[in-house]
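Beneath this line is the structure, given in structure tokens, with notes to follow.
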There are 2 protein chains.
Amino acid sequence: MTMVDGERPPQQLAQYSGFLLNWVAARSRLRFATALAEIDLHPREFAALNIVAAKPGLTQHELAAAAEIDASTLVATLDALEQHGLAERRVMPQDRRKRAIHLTPAGEAALRRGRALAKRLGDELFGTLSADERRQFELLLRKLAGVG
Amino acid sequence: MTMVDGERPPQQLAQYSGFLLNWVAARSRLRFATALAEIDLHPREFAALNIVAAKPGLTQHELAAAAEIDASTLVATLDALEQHGLAERRVMPQDRRKRAIHLTPAGEAALRRGRALAKRLGDELFGTLSADERRQFELLLRKLAGVG
DNA sequence: TATTGTTATACTCTATAACTATA
DNA sequence: TATAGTTATAGAGTATAACAATA
């Protein structure tokens, strides 16, 4: 039994908005991870692909900071991406301690597949809301996150 | 560096509503856990207190099911609650394998403190929203969770 | 000396399976 | 045999600290 297997949140805890927020988030995270696994991608790898695509040539420290994870945590993620031929570490000639991270064409294709999946899962997540309600929810979510 | 230390979510990932949902949820969870720790309570303990208060005398299996956690996971939570004098296991005479879980007066007091904290943290979480927006967000959250 | 990336390690969380005591 | 609770254990996830290479 996993914590997010339930179809409905525990009744006595659902009164807490913070709990409900975490319950809905955990369920959506699990579903997304499950869907990503079908295309051999881990959520961390998908996150890294997104950031590297936006800023090719980042160093590992810069990538870790952009992803808000520890640099040591990033190592295994990049190992996996390289093993699957989705990204490359390139030693920088001007400072041979640093490695610039780039996507391969296969990495860009994987990113596109992941994005299509994210769109599909987003539609599923918000399936019970009207288009208006979804826009409203996403707007408020951005306010809560201090974004845009 | 923790995953949720950032003041703002990673820019390249904030476009995904699912990511944003998880980011906001993780931040609120961390803050709540930190606040609860100041009154010597763990989020799992607070969850158990809530359910037992609503349904005194539940068996451990029933409590685990109500909390949507595994029965084995519950053991340590109840151990901690008992050690702090907040809850009791009472062997049931009609079936000595079962233990009925009850709160102590101290447990009810701890629950009240936790609830006050949850209210305060909820107000902080939604501090950037108007009262109307907060109601709207909570309504949509319940729709997403399939509640009420 | 300081920094980059890496490795080793430890800690938290939680599930699975084996165990015990009762039924 | 089956069930309630417990214990042992294993896996995922992620941070901290020590390390090697380079500056």
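Each chain in the structure tokens gets a letter, A, B and so on, in the order shown; residues start at 1 in every chain, and ligands are counted from 1 in the order they appear.
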
Considering only C-alpha atoms (C1' of nucleotides), tabulate each residue of region 47-77 of chain B that lies at most 12 Å from region 7-16 of chain D along with its nearest interatomic pair and the corresponding distance in Å to one decimal; arrange the rows by chain and ascending residue number and present them as JSON lines.
{"residue": "B:Ser72", "atom": "CA", "partner": "D:DT7", "partner_atom": "C1'", "distance": 9.1}
{"residue": "B:Thr73", "atom": "CA", "partner": "D:DT7", "partner_atom": "C1'", "distance": 11.3}
{"residue": "B:Val75", "atom": "CA", "partner": "D:DT7", "partner_atom": "C1'", "distance": 10.1}
{"residue": "B:Ala76", "atom": "CA", "partner": "D:DT7", "partner_atom": "C1'", "distance": 10.9}

May I have the residues from that selection written out with N, CA, C and O atoms, as a PDB file, in the first residue's frame?
ATOM      1  N   SER B  72       2.566  -1.317   9.023  1.00  0.00           N
ATOM      2  CA  SER B  72       3.908  -1.393   9.604  1.00  0.00           C
ATOM      3  C   SER B  72       4.497   0.004   9.808  1.00  0.00           C
ATOM      4  O   SER B  72       5.267   0.228  10.732  1.00  0.00           O
ATOM      5  N   THR B  73       4.121   0.910   8.946  1.00  0.00           N
ATOM      6  CA  THR B  73       4.609   2.291   9.058  1.00  0.00           C
ATOM      7  C   THR B  73       4.021   2.989  10.276  1.00  0.00           C
ATOM      8  O   THR B  73       4.630   3.870  10.871  1.00  0.00           O
ATOM      9  N   VAL B  75       3.420   1.712  13.175  1.00  0.00           N
ATOM     10  CA  VAL B  75       3.951   1.265  14.468  1.00  0.00           C
ATOM     11  C   VAL B  75       4.845   2.309  15.121  1.00  0.00           C
ATOM     12  O   VAL B  75       4.647   2.679  16.286  1.00  0.00           O
ATOM     13  N   ALA B  76       5.819   2.813  14.374  1.00  0.00           N
ATOM     14  CA  ALA B  76       6.757   3.778  14.950  1.00  0.00           C
ATOM     15  C   ALA B  76       6.053   5.072  15.331  1.00  0.00           C
ATOM     16  O   ALA B  76       6.411   5.708  16.335  1.00  0.00           O
TER      17      ALA B  76
END

**OP:** Could the residues of chain B within 8 Å of chain A, counting only C-alpha atoms, be given as a PyMOL selection string, please?
**Re:** chain B and resi 1-6+8-14+16-18+20-26+28-29+47+50-51+54+66-70+118+122+125-126+128-129+133+137-138+140-147

Original post:
Do you know which residues are at most 8 Å from DA4 (chain D) counting only C-alpha atoms (C1' of nucleotides), after dropping those on the same chain fewer than 4 positions away, and could you put them as a list in words?
Top reply: His61, Arg97 and Lys98 of chain B

Residue neighbourhood Gly85 (chain B), 8 Å, only C-alpha atoms (C1' of nucleotides), exclusion window fewer than 2 positions, as a PDB file with N, CA, C and O atoms, in the first residue's frame:
ATOM      1  N   LEU B  81       4.032   8.483  19.793  1.00  0.00           N
ATOM      2  CA  LEU B  81       2.900   9.123  20.479  1.00  0.00           C
ATOM      3  C   LEU B  81       2.749   8.594  21.905  1.00  0.00           C
ATOM      4  O   LEU B  81       2.492   9.359  22.840  1.00  0.00           O
ATOM      5  N   GLU B  82       2.932   7.282  22.060  1.00  0.00           N
ATOM      6  CA  GLU B  82       2.837   6.710  23.409  1.00  0.00           C
ATOM      7  C   GLU B  82       3.967   7.203  24.301  1.00  0.00           C
ATOM      8  O   GLU B  82       3.748   7.546  25.453  1.00  0.00           O
ATOM      9  N   GLN B  83       5.191   7.238  23.732  1.00  0.00           N
ATOM     10  CA  GLN B  83       6.331   7.680  24.525  1.00  0.00           C
ATOM     11  C   GLN B  83       6.155   9.112  25.023  1.00  0.00           C
ATOM     12  O   GLN B  83       6.627   9.469  26.098  1.00  0.00           O
ATOM     13  N   ALA B  87      -0.941   9.308  23.193  1.00  0.00           N
ATOM     14  CA  ALA B  87      -1.934   8.303  22.795  1.00  0.00           C
ATOM     15  C   ALA B  87      -1.661   7.002  23.549  1.00  0.00           C
ATOM     16  O   ALA B  87      -0.593   6.832  24.150  1.00  0.00           O
ATOM     17  N   GLU B  88      -2.644   6.132  23.537  1.00  0.00           N
ATOM     18  CA  GLU B  88      -2.522   4.843  24.215  1.00  0.00           C
ATOM     19  C   GLU B  88      -2.986   3.724  23.304  1.00  0.00           C
ATOM     20  O   GLU B  88      -3.951   3.874  22.559  1.00  0.00           O
ATOM     21  N   THR B 104      -4.804  10.631  24.835  1.00  0.00           N
ATOM     22  CA  THR B 104      -4.790  11.090  26.224  1.00  0.00           C
ATOM     23  C   THR B 104      -5.201  12.568  26.221  1.00  0.00           C
ATOM     24  O   THR B 104      -5.238  13.197  25.159  1.00  0.00           O
ATOM     25  N   ALA B 106      -3.345  14.909  27.118  1.00  0.00           N
ATOM     26  CA  ALA B 106      -2.182  15.587  26.537  1.00  0.00           C
ATOM     27  C   ALA B 106      -2.212  15.487  25.013  1.00  0.00           C
ATOM     28  O   ALA B 106      -1.804  16.408  24.299  1.00  0.00           O
ATOM     29  N   GLY B 107      -2.702  14.349  24.501  1.00  0.00           N
ATOM     30  CA  GLY B 107      -2.803  14.174  23.060  1.00  0.00           C
ATOM     31  C   GLY B 107      -3.811  15.130  22.447  1.00  0.00           C
ATOM     32  O   GLY B 107      -3.575  15.693  21.371  1.00  0.00           O
TER      33      GLY B 107
END

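Our summary of the geometry notes that C1' of DG5 (chain C) is positioned 19.6 Å from CA of Leu86 (chain A).
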
Subject >> DSSP-assigned strand (DSSP E) members of chain A, reported as a ChimeraX atom specification >> reply: /A:87-92,95-103

Would you put the residues from that selection into a file with all heavy atoms, as a compact mmCIF listing (two decimals), in the first residue's frame?
# COMPACT_ATOMS: atom_id res chain seq x y z
N ALA A 87 22.57 13.22 -23.41
CA ALA A 87 23.31 14.44 -23.08
C ALA A 87 24.80 14.13 -23.09
O ALA A 87 25.20 12.95 -23.05
CB ALA A 87 22.88 14.99 -21.73
N GLU A 88 25.61 15.17 -23.15
CA GLU A 88 27.06 15.02 -23.14
C GLU A 88 27.70 15.97 -22.14
O GLU A 88 27.25 17.11 -21.99
CB GLU A 88 27.65 15.38 -24.52
CG GLU A 88 27.29 14.46 -25.64
CD GLU A 88 27.81 15.01 -26.96
OE1 GLU A 88 28.32 16.16 -26.97
OE2 GLU A 88 27.69 14.30 -27.97
N ARG A 89 28.76 15.50 -21.48
CA ARG A 89 29.64 16.38 -20.72
C ARG A 89 30.82 16.70 -21.63
O ARG A 89 31.48 15.78 -22.12
CB ARG A 89 30.17 15.67 -19.48
CG ARG A 89 29.18 15.37 -18.35
CD ARG A 89 29.85 14.41 -17.40
NE ARG A 89 29.22 14.28 -16.10
CZ ARG A 89 28.57 13.19 -15.70
NH1 ARG A 89 28.44 12.16 -16.51
NH2 ARG A 89 28.06 13.13 -14.48
N ARG A 90 31.11 17.98 -21.82
CA ARG A 90 32.27 18.37 -22.62
C ARG A 90 33.23 19.18 -21.75
O ARG A 90 32.87 20.25 -21.26
CB ARG A 90 31.85 19.22 -23.82
CG ARG A 90 30.91 18.51 -24.78
CD ARG A 90 30.60 19.38 -25.98
NE ARG A 90 29.46 18.86 -26.74
CZ ARG A 90 28.72 19.59 -27.57
NH1 ARG A 90 29.00 20.89 -27.77
NH2 ARG A 90 27.70 19.06 -28.21
N VAL A 91 34.46 18.66 -21.59
CA VAL A 91 35.46 19.38 -20.80
C VAL A 91 35.71 20.74 -21.45
O VAL A 91 35.88 20.84 -22.67
CB VAL A 91 36.77 18.58 -20.74
CG1 VAL A 91 37.86 19.39 -20.06
CG2 VAL A 91 36.55 17.26 -19.99
N MET A 92 35.70 21.80 -20.66
CA MET A 92 35.89 23.15 -21.20
C MET A 92 37.39 23.46 -21.27
O MET A 92 38.07 23.41 -20.25
CB MET A 92 35.16 24.17 -20.32
CG MET A 92 33.65 23.93 -20.29
SD MET A 92 32.77 25.07 -19.18
CE MET A 92 32.56 26.50 -20.28
N ASP A 95 38.96 26.01 -18.80
CA ASP A 95 39.06 25.57 -17.40
C ASP A 95 38.71 24.10 -17.36
O ASP A 95 37.54 23.73 -17.34
CB ASP A 95 38.13 26.39 -16.50
CG ASP A 95 38.31 26.02 -15.02
OD1 ASP A 95 38.87 24.94 -14.72
OD2 ASP A 95 37.91 26.81 -14.16
N ARG A 96 39.76 23.25 -17.34
CA ARG A 96 39.54 21.83 -17.55
C ARG A 96 38.87 21.15 -16.35
O ARG A 96 38.59 19.96 -16.39
CB ARG A 96 40.87 21.15 -17.89
CG ARG A 96 41.44 21.61 -19.24
CD ARG A 96 42.83 21.06 -19.54
NE ARG A 96 43.02 19.70 -19.05
CZ ARG A 96 42.49 18.60 -19.58
NH1 ARG A 96 41.73 18.73 -20.65
NH2 ARG A 96 42.73 17.43 -19.06
N ARG A 97 38.56 21.92 -15.29
CA ARG A 97 37.76 21.33 -14.21
C ARG A 97 36.28 21.30 -14.59
O ARG A 97 35.51 20.48 -14.11
CB ARG A 97 37.91 22.17 -12.93
CG ARG A 97 39.26 22.10 -12.30
CD ARG A 97 39.35 23.09 -11.16
NE ARG A 97 39.02 24.46 -11.60
CZ ARG A 97 39.08 25.53 -10.84
NH1 ARG A 97 39.44 25.42 -9.57
NH2 ARG A 97 38.79 26.71 -11.31
N LYS A 98 35.90 22.21 -15.44
CA LYS A 98 34.47 22.37 -15.75
C LYS A 98 34.03 21.54 -16.95
O LYS A 98 34.82 21.29 -17.86
CB LYS A 98 34.17 23.85 -16.05
CG LYS A 98 34.44 24.78 -14.89
CD LYS A 98 34.04 26.21 -15.24
CE LYS A 98 34.26 27.14 -14.05
NZ LYS A 98 33.95 28.55 -14.39
N ARG A 99 32.78 21.10 -16.92
CA ARG A 99 32.20 20.38 -18.05
C ARG A 99 30.94 21.12 -18.50
O ARG A 99 30.07 21.41 -17.70
CB ARG A 99 31.81 18.95 -17.67
CG ARG A 99 32.99 18.01 -17.55
CD ARG A 99 33.45 17.91 -16.11
NE ARG A 99 34.90 17.66 -16.01
CZ ARG A 99 35.41 16.45 -15.99
NH1 ARG A 99 34.64 15.42 -16.03
NH2 ARG A 99 36.71 16.31 -15.94
N ALA A 100 30.90 21.41 -19.78
CA ALA A 100 29.71 22.04 -20.36
C ALA A 100 28.74 20.94 -20.76
O ALA A 100 29.12 19.96 -21.39
CB ALA A 100 30.11 22.88 -21.57
N ILE A 101 27.49 21.11 -20.36
CA ILE A 101 26.48 20.09 -20.64
C ILE A 101 25.67 20.47 -21.88
O ILE A 101 25.19 21.60 -21.99
CB ILE A 101 25.53 19.92 -19.44
CG1 ILE A 101 26.33 19.75 -18.15
CG2 ILE A 101 24.60 18.73 -19.67
CD1 ILE A 101 27.28 18.57 -18.14
N HIS A 102 25.57 19.51 -22.79
CA HIS A 102 24.81 19.72 -24.03
C HIS A 102 23.89 18.54 -24.27
O HIS A 102 24.20 17.41 -23.88
CB HIS A 102 25.77 19.87 -25.22
CG HIS A 102 26.57 21.13 -25.19
ND1 HIS A 102 26.16 22.30 -25.79
CD2 HIS A 102 27.77 21.40 -24.62
CE1 HIS A 102 27.07 23.25 -25.59
NE2 HIS A 102 28.06 22.72 -24.88
N LEU A 103 22.77 18.80 -24.96
CA LEU A 103 21.89 17.72 -25.37
C LEU A 103 22.36 17.14 -26.70
O LEU A 103 22.92 17.85 -27.53
CB LEU A 103 20.45 18.23 -25.54
CG LEU A 103 19.74 18.76 -24.30
CD1 LEU A 103 18.26 18.97 -24.59
CD2 LEU A 103 19.92 17.83 -23.12
